$ cat model-v7.cif   # mmCIF, C-alpha atoms
data_final
loop_
_atom_site.group_PDB
_atom_site.id
_atom_site.type_symbol
_atom_site.label_atom_id
_atom_site.label_comp_id
_atom_site.auth_asym_id
_atom_site.auth_seq_id
_atom_site.Cartn_x
_atom_site.Cartn_y
_atom_site.Cartn_z
ATOM 1 C CA MET B 196 -12.632 8.704 22.840
ATOM 2 C CA GLU B 197 -15.213 9.261 20.145
ATOM 3 C CA GLU B 198 -14.610 11.728 17.366
ATOM 4 C CA THR B 199 -16.783 14.851 17.441
ATOM 5 C CA ARG B 200 -18.690 16.020 14.376
ATOM 6 C CA LEU B 201 -16.244 18.883 13.863
ATOM 7 C CA GLN B 202 -13.216 16.588 14.276
ATOM 8 C CA ARG B 203 -14.720 14.170 11.751
ATOM 9 C CA LYS B 204 -15.326 16.977 9.231
ATOM 10 C CA LEU B 205 -11.760 18.252 9.646
ATOM 11 C CA ARG B 206 -10.341 14.742 9.262
ATOM 12 C CA GLU B 207 -12.469 14.123 6.159
ATOM 13 C CA HIS B 208 -11.338 17.453 4.684
ATOM 14 C CA ARG B 209 -7.656 16.591 5.285
ATOM 15 C CA GLU B 210 -8.129 13.093 3.850
ATOM 16 C CA LYS B 211 -9.866 14.436 0.740
ATOM 17 C CA ALA B 212 -7.046 16.941 0.188
ATOM 18 C CA ARG B 213 -4.465 14.165 0.649
ATOM 19 C CA LEU B 214 -6.319 11.876 -1.747
ATOM 20 C CA ASP B 215 -6.536 14.676 -4.345
ATOM 21 C CA GLU B 216 -2.768 15.172 -4.011
ATOM 22 C CA ILE B 217 -2.132 11.429 -4.436
ATOM 23 C CA ARG B 218 -4.390 11.293 -7.486
ATOM 24 C CA GLU B 219 -2.570 14.229 -9.049
ATOM 25 C CA LYS B 220 0.887 12.757 -8.471
ATOM 26 C CA LEU B 221 -0.114 9.279 -9.689
ATOM 27 C CA SER B 222 -2.358 10.490 -12.517
ATOM 28 C CA GLY B 223 -0.304 8.715 -15.187
ATOM 29 C CA LEU B 224 -0.844 5.357 -13.480
ATOM 30 C CA LEU B 225 -4.419 5.580 -12.214
ATOM 31 C CA THR B 226 -7.325 3.929 -14.034
ATOM 32 C CA GLY B 227 -9.927 5.948 -12.115
ATOM 33 C CA ASN B 228 -11.243 2.881 -10.299
ATOM 34 C CA THR B 229 -11.026 2.531 -6.533
ATOM 35 C CA LEU B 230 -11.526 -0.273 -4.064
ATOM 36 C CA ASP B 231 -13.280 1.077 -0.988
ATOM 37 C CA ALA B 232 -12.847 -0.560 2.406
ATOM 38 C CA ASP B 233 -16.365 -1.994 2.401
ATOM 39 C CA VAL B 234 -15.769 -3.629 -1.000
ATOM 40 C CA ALA B 235 -12.256 -4.989 -0.448
ATOM 41 C CA PRO B 236 -12.187 -8.679 0.469
ATOM 42 C CA ALA B 237 -11.909 -9.190 4.220
ATOM 43 C CA TRP B 238 -8.912 -11.501 3.818
ATOM 44 C CA ILE B 239 -6.787 -8.584 2.531
ATOM 45 C CA HIS B 240 -7.423 -6.484 5.635
ATOM 46 C CA GLU B 241 -6.901 -9.461 7.952
ATOM 47 C CA THR B 242 -3.702 -10.467 6.158
ATOM 48 C CA THR B 243 -2.150 -7.004 6.129
ATOM 49 C CA TRP B 244 -2.930 -6.541 9.829
ATOM 50 C CA GLY B 245 -1.135 -9.811 10.479
ATOM 51 C CA PHE B 246 1.973 -8.513 8.712
ATOM 52 C CA TRP B 247 2.531 -5.962 11.460
ATOM 53 C CA ASP B 248 2.732 -8.548 14.245
ATOM 54 C CA ILE B 249 6.253 -8.276 15.704
ATOM 55 C CA PHE B 250 6.473 -12.070 15.887
ATOM 56 C CA ILE B 251 5.886 -12.500 12.149
ATOM 57 C CA GLU B 252 9.101 -12.664 10.162
ATOM 58 C CA PRO B 253 9.089 -10.861 6.824
ATOM 59 C CA LEU B 254 9.415 -12.901 3.643
ATOM 60 C CA GLU B 255 12.377 -10.771 2.538
ATOM 61 C CA THR B 256 14.419 -7.857 3.827
ATOM 62 C CA LEU B 257 16.664 -5.197 2.317
ATOM 63 C CA SER B 258 19.086 -2.918 4.142
ATOM 64 C CA ASP B 259 17.752 0.575 4.815
ATOM 65 C CA GLU B 260 21.125 1.834 3.591
ATOM 66 C CA SER B 261 20.164 0.818 0.044
ATOM 67 C CA ALA B 262 19.796 3.584 -2.516
ATOM 68 C CA PRO B 263 16.197 4.675 -3.217
ATOM 69 C CA GLU B 264 16.443 3.299 -6.776
ATOM 70 C CA ALA B 265 17.549 -0.081 -5.413
ATOM 71 C CA VAL B 266 14.612 -0.157 -2.983
ATOM 72 C CA SER B 267 12.134 0.588 -5.772
ATOM 73 C CA ALA B 268 13.717 -2.037 -8.046
ATOM 74 C CA TRP B 269 13.604 -4.602 -5.212
ATOM 75 C CA ILE B 270 9.898 -3.914 -4.617
ATOM 76 C CA GLU B 271 9.116 -4.137 -8.341
ATOM 77 C CA GLU B 272 10.967 -7.451 -8.624
ATOM 78 C CA LEU B 273 9.082 -8.760 -5.599
ATOM 79 C CA LEU B 274 5.750 -7.723 -7.131
ATOM 80 C CA VAL B 275 6.570 -9.335 -10.483
ATOM 81 C CA ARG B 276 7.675 -12.560 -8.787
ATOM 82 C CA HIS B 277 4.325 -12.783 -6.972
ATOM 83 C CA GLY B 278 2.172 -11.865 -9.964
ATOM 84 C CA VAL B 279 1.233 -8.343 -8.901
ATOM 85 C CA THR B 280 1.580 -6.768 -12.355
ATOM 86 C CA GLY B 281 -0.493 -5.048 -15.009
ATOM 87 C CA ARG B 282 -3.558 -3.883 -13.098
ATOM 88 C CA VAL B 283 -2.561 -3.277 -9.471
ATOM 89 C CA CYS B 284 -4.402 -1.795 -6.492
ATOM 90 C CA VAL B 285 -2.254 0.485 -4.334
ATOM 91 C CA ALA B 286 -3.223 1.389 -0.767
ATOM 92 C CA SER B 287 -3.561 5.159 -0.494
ATOM 93 C CA HIS B 288 -4.106 5.237 3.292
ATOM 94 C CA PRO B 289 -6.905 7.844 3.520
ATOM 95 C CA VAL B 290 -9.794 6.124 5.306
ATOM 96 C CA GLY B 291 -12.483 6.663 2.661
ATOM 97 C CA THR B 292 -10.612 5.216 -0.320
ATOM 98 C CA PRO B 293 -7.930 2.811 0.789
ATOM 99 C CA TRP B 294 -7.044 1.333 -2.633
ATOM 100 C CA LEU B 295 -6.478 3.056 -5.986
ATOM 101 C CA GLU B 296 -6.347 0.955 -9.128
ATOM 102 C CA CYS B 297 -3.322 1.528 -11.348
ATOM 103 C CA ARG B 298 -2.303 0.189 -14.720
ATOM 104 C CA VAL B 299 1.432 -0.138 -14.312
ATOM 105 C CA PRO B 300 4.239 -0.398 -16.866
ATOM 106 C CA ARG B 301 6.774 -3.198 -16.693
ATOM 107 C CA SER B 302 9.216 -1.156 -14.630
ATOM 108 C CA GLY B 303 10.026 2.204 -13.140
ATOM 109 C CA TRP B 304 6.706 2.955 -11.482
ATOM 110 C CA VAL B 305 7.259 1.992 -7.832
ATOM 111 C CA SER B 306 9.494 4.996 -7.205
ATOM 112 C CA GLN B 307 6.541 7.230 -8.146
ATOM 113 C CA VAL B 308 4.338 5.426 -5.618
ATOM 114 C CA ARG B 309 7.033 5.612 -2.930
ATOM 115 C CA GLU B 310 7.478 9.354 -3.477
ATOM 116 C CA THR B 311 3.720 9.913 -3.251
ATOM 117 C CA ILE B 312 2.495 7.538 -0.547
ATOM 118 C CA GLU B 313 4.128 6.984 2.825
ATOM 119 C CA ASP B 314 5.057 3.499 3.924
ATOM 120 C CA PRO B 315 3.835 0.915 4.421
ATOM 121 C CA TRP B 316 3.425 0.419 0.691
ATOM 122 C CA GLU B 317 0.682 -2.092 0.063
ATOM 123 C CA PHE B 318 -0.158 -3.599 -3.322
ATOM 124 C CA ALA B 319 -2.930 -6.019 -4.300
ATOM 125 C CA SER B 320 -3.107 -7.896 -7.567
ATOM 126 C CA GLY B 321 -5.877 -6.851 -9.936
ATOM 127 C CA ASP B 322 -7.714 -10.125 -9.299
ATOM 128 C CA LEU B 323 -7.351 -9.511 -5.529
ATOM 129 C CA ASP B 324 -5.650 -12.882 -4.992
ATOM 130 C CA VAL B 325 -2.284 -11.578 -3.720
ATOM 131 C CA VAL B 326 -1.300 -8.746 -1.400
ATOM 132 C CA VAL B 327 2.259 -7.487 -0.939
ATOM 133 C CA ALA B 328 3.311 -5.000 1.717
ATOM 134 C CA VAL B 329 6.668 -3.343 2.257
ATOM 135 C CA LEU B 330 7.544 -1.153 5.202
ATOM 136 C CA GLU B 331 10.609 0.602 6.441
ATOM 137 C CA ALA B 332 11.545 -0.891 9.794
ATOM 138 C CA GLU B 333 14.571 -0.291 11.972
ATOM 139 C CA TYR B 334 17.696 -0.855 9.858
ATOM 140 C CA ARG B 335 15.848 -2.537 6.988
ATOM 141 C CA TYR B 336 12.892 -2.719 4.654
ATOM 142 C CA GLU B 337 10.596 -5.667 5.256
ATOM 143 C CA ALA B 338 8.455 -7.362 2.617
ATOM 144 C CA HIS B 339 5.404 -9.506 3.360
ATOM 145 C CA VAL B 340 3.255 -11.464 0.919
ATOM 146 C CA GLY B 341 -0.183 -12.931 1.490
ATOM 147 C CA ARG B 342 -2.454 -14.996 -0.737
ATOM 148 C CA LYS B 343 -6.198 -15.366 -0.844
ATOM 149 C CA PRO B 344 -7.168 -18.384 1.257
ATOM 150 C CA VAL B 345 -8.377 -21.372 -0.721
ATOM 151 C CA ALA B 346 -12.037 -21.960 0.068
#

$ encode --input "model-v7.cif" --output "structure tokens"
Amino acid sequence: MEETRLQRKLREHREKARLDEIREKLSGLLTGNTLDADVAPAWIHETTWGFWDIFIEPLETLSDESAPEAVSAWIEELLVRHGVTGRVCVASHPVGTPWLECRVPRSGWVSQVRETIEDPWEFASGDLDVVVAVLEAEYRYEAHVGRKPVA
């Protein structure tokens, strides 16, 4: 079913309001740069879609009974291990601006992202060579990592 003009305007209004809220809550991390869907490398979209295939095993898992601080620390450690540090693009989920560029400190920032953006939490390295996604699944958190294909 195709979206009507009015439905599109309402959706765009809701997405803009949501994006404004995200920008406000993450203001201390944001650089002001964004990575729009039409600019993001195709491999990132293809890779993240592949993560959600039920037959794909996650790289790592963590019990969903873990404390929120432990989940954030686990995600940060995962990002550091895969080189997603310094300048990081974070998926915001509104259609118009899927990735927001952040300059992140060494630690303590993922909890702010988790409190602001619903899962799945998706992070791309500043050079757009690595993408990491974490989602809350049944009974556990699942982490997936993808790398830019070698040409």

$ residues_around --input "model-v7.cif" --residues "range 306-310 of chain B" --least-positions-apart "6" --cutoff "8 Å" --atoms "all atoms listed in the file" --output "VMD selection string"
chain B and resid 220 to 221 263 to 264 267 316

$ atom_distance --input "model-v7.cif" --atom1 "CA of Glu210 in chain B" --atom2 "CA of Leu330 in chain B"
21.2 Å

$ resolve_selection --input "model-v7.cif" --expression "the PyMOL selection byres ((chain B and resi 317) around 9)" --output "NGL selection string"
:B and (243 or 284-287 or 294 or 314-316 or 318-319 or 326-330)

$ atom_distance --input "model-v7.cif" --atom1 "CA of Pro253 in chain B" --atom2 "CA of Glu333 in chain B"
13.0 Å

$ resolve_selection --input "model-v7.cif" --expression "the PyMOL selection byres ((chain B and resi 343) around 8)" --output "PyMOL selection string"
chain B and resi 238-239+323-325+341-342+344-345

$ resolve_selection --input "model-v7.cif" --expression "the PyMOL selection byres ((chain B and resi 281) around 7)" --output "ChimeraX atom specification"
/B:280,282-283,298-300

$ closest_residue --input "model-v7.cif" --among "B:Ile249, B:Val305, B:Ala332, B:Val340" --to "Ala268 in chain B" --atoms "only C-alpha atoms"
B:Val305

$ atom_distance --input "model-v7.cif" --atom1 "CA of Ala262 in chain B" --atom2 "CA of Thr242 in chain B"
28.7 Å

$ closest_residue --input "model-v7.cif" --among "B:Ala338, B:Ile217, B:Leu205, B:Ile270" --to "Glu252 in chain B" --atoms "only C-alpha atoms"
B:Ala338

$ closest_residue --input "model-v7.cif" --among "B:Glu207, B:Gly303, B:Arg200, B:Asp322" --to "Ala265 in chain B" --atoms "all atoms listed in the file"
B:Gly303

$ closest_residue --input "model-v7.cif" --among "B:Gly245, B:Gly278, B:Pro289, B:Pro236" --to "Arg218 in chain B" --atoms "all atoms listed in the file"
B:Pro289

$ axis_aligned_box --input "model-v7.cif" --around "range 230-236 of chain B" --padding-each-side "6 Å" --output "lines of an AutoDock Vina configuration file"
center_x = -13.9
center_y = -3.8
center_z = -0.8
size_x = 16.8
size_y = 21.8
size_z = 18.5

$ residues_near_point --input "model-v7.cif" --point "(-8.4, 8.9, -8.3)" --cutoff "7 Å" --atoms "only C-alpha atoms" --output "VMD selection string"
chain B and resid 218 225 227 to 228 295

$ residues_around --input "model-v7.cif" --residues "Gly291 in chain B" --least-positions-apart "5" --cutoff "10 Å" --atoms "all atoms listed in the file" --output "PyMOL selection string"
chain B and resi 207+210-211+214+230-233
